[in-house]
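Asks: Structure below; questions to follow.
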Amino acid sequence: MPQENRKLVRPITDEELRLYDRDGVVWLRGIIDDEWARRLGVAIEELVASHGEKQTDQVLDLTGLALAAESYAPAHATASTGPEWGSPRQLAGRLATDSRVGRRSSRGHFLSITSAWQLHPAIRELAIDSPLPEIAAQLTRSSRLHLYDDQLLVKPPGTMERTAWHQDLGYDHIAGDKVCAIRVPVGRETPELGPIQYLRGSHRSGKIFKVNYFISDATAPDDAGEPIPAIEGHEADFDIVTFAPAPGDVVVHHLRTLHGAAGNSSQTETRRAVTFRYAGDDVRYFFRKYAPPGQRPSHLRDGDPLDREPERHPVVWPG
Ligand SMILES: O=C(O)CCC(=O)C(=O)O
């Protein structure tokens, strides 16, 4: 990418900084060159096309999991007894599906790929050598920043799975306040594609919520986190905000902000995005029992700075 594309297209305004602090989420329009979104789209296509060959534990077919849970015999659908992550048994009878999306012969498969920056050079460049670290540093008021991790999320037309309401921090082995996620969409996110909904101000509760399994509100019984409020179906009772980001825009949320999304009811368009999670000045390693296992084991101990695992959490700011 040319050097000039590594800079912000425009400064972040004081109003945007204020919104991020107040709401725990802000939509930054026209903040990066839209060439980044075009290149991200190509990279996601390449990763999706090759994921069958790779079969790493970084790739999760969430619709495949939903189908397995749907066919799970109800007699066996009991609560979890251990830290197995998102098994059909745990999800059976607890799937979050979007009633707008009818069952079609070609059901879209909701795909999640984590640590994609380690799989594709264009995603690595976007995570580390783009304007994104500067955005994260400014919003979290950090002088130094690590990449924590990322997640690619693809919802093709006819994806029935909702993204259950959740908070990212419980899925991450870190603690701290200067933590944010930057979501970069490949195309404009219209209502039919199921854009992300955010519970405004929820980062200020200071709570860590129970981890669910992304397409289900099921949680492990001994998860020490707070129960997630029942937002789905009661949206009018909550202060929810949603955006329509397009190429060149990003949406930044605090890792404590609750968010969820509908399925994709479009007949033709795929919703594609990557979310990078950044860790600022006050962040330390903190083991969370129910965070997804993909990234572990780690040799870090609670309280360690992330510098001790530079291959996994590179310093991205100052650039
Ligand atoms: O793409 C989705 O449906 C979920 C997105 C999400 O949870 C995130 O960006 O943190």
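To be explicit about the labels: the chains of the structure tokens are called A, B, and onward in the order shown, and within each one the residues are counted from 1, while ligands get numbers from 1 in the order they are shown.
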If the limit is 8 Å from any atom of ligand 1, counting only C-alpha atoms and all ligand atoms, which residues qualify? Return them as a PyMOL selection string.
Replies: chain A and resi 151-155+162-163+166-168+181-183+194-196+214+259-263+271-275
Asks: Give the answer as one residue: which of A:Trp165, A:Arg277, A:Glu192, A:Ile44 has the shortest atom-to-atom distance to Ile228 (chain A), using only C-alpha atoms?
Replies: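 Looking at the shortest contact to Ile228 (chain A), the residue is A:Trp165.
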Asks: Counting only C-alpha atoms, which of A:Tyr278, A:Tyr213, A:Trp117, A:Tyr171 gets nearest to Pro133 (chain A)?
Replies: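 Ranking A:Tyr278, A:Tyr213, A:Trp117, A:Tyr171 by distance to Pro133 (chain A), first place goes to A:Tyr278.
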Asks: Please, what distance in Å, to one decimal, runs between CA of Arg103 (chain A) and CA of Leu60 (chain A)?
Replies: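 Value for the CA of Arg103 (chain A)-CA of Leu60 (chain A) distance: 21.1 Å.
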Asks: DSSP on the backbone: what in region 51-295 of chain A comes out helix (DSSP H, G or I), as an NGL selection string?
Replies: :A and (51-54 or 62-70 or 74-76 or 88-91 or 116-118 or 121-128 or 132-140 or 168-171 or 191-193 or 202-205 or 235-237 or 293-295)
Asks: If we count only C-alpha atoms and set the cut-off at 8 Å, which residues sit around Ala96 (chain A), ignoring sequence neighbours fewer than 6 positions away in its own chain? Please answer as a list in words.
Replies: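 Near Ala96 (chain A), the qualifying residues are Glu161, Arg162, Thr163, Ala164, Ile215, Ser216 and Asp217 of chain A.
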Asks: Please, could you write that set of residues out with N, CA and C atoms as a compact mmCIF listing (two decimals), in the first residue's frame?
Replies:
```
# COMPACT_ATOMS: atom_id res chain seq x y z
N GLU A 161 -28.35 -17.34 11.11
CA GLU A 161 -27.87 -17.13 12.48
C GLU A 161 -27.77 -15.65 12.80
N ARG A 162 -28.34 -15.28 13.94
CA ARG A 162 -28.06 -13.98 14.51
C ARG A 162 -26.68 -14.04 15.16
N THR A 163 -26.07 -12.90 15.38
CA THR A 163 -24.92 -12.85 16.27
C THR A 163 -25.51 -12.51 17.63
N ALA A 164 -25.44 -13.44 18.58
CA ALA A 164 -26.07 -13.21 19.89
C ALA A 164 -25.41 -12.00 20.57
N ILE A 215 -23.66 -17.66 18.43
CA ILE A 215 -24.92 -17.88 17.71
C ILE A 215 -25.98 -18.41 18.67
N SER A 216 -25.73 -18.22 19.95
CA SER A 216 -26.62 -18.76 20.98
C SER A 216 -26.43 -17.94 22.25
N ASP A 217 -27.51 -17.87 23.06
CA ASP A 217 -27.34 -17.17 24.34
C ASP A 217 -26.92 -18.13 25.45
```
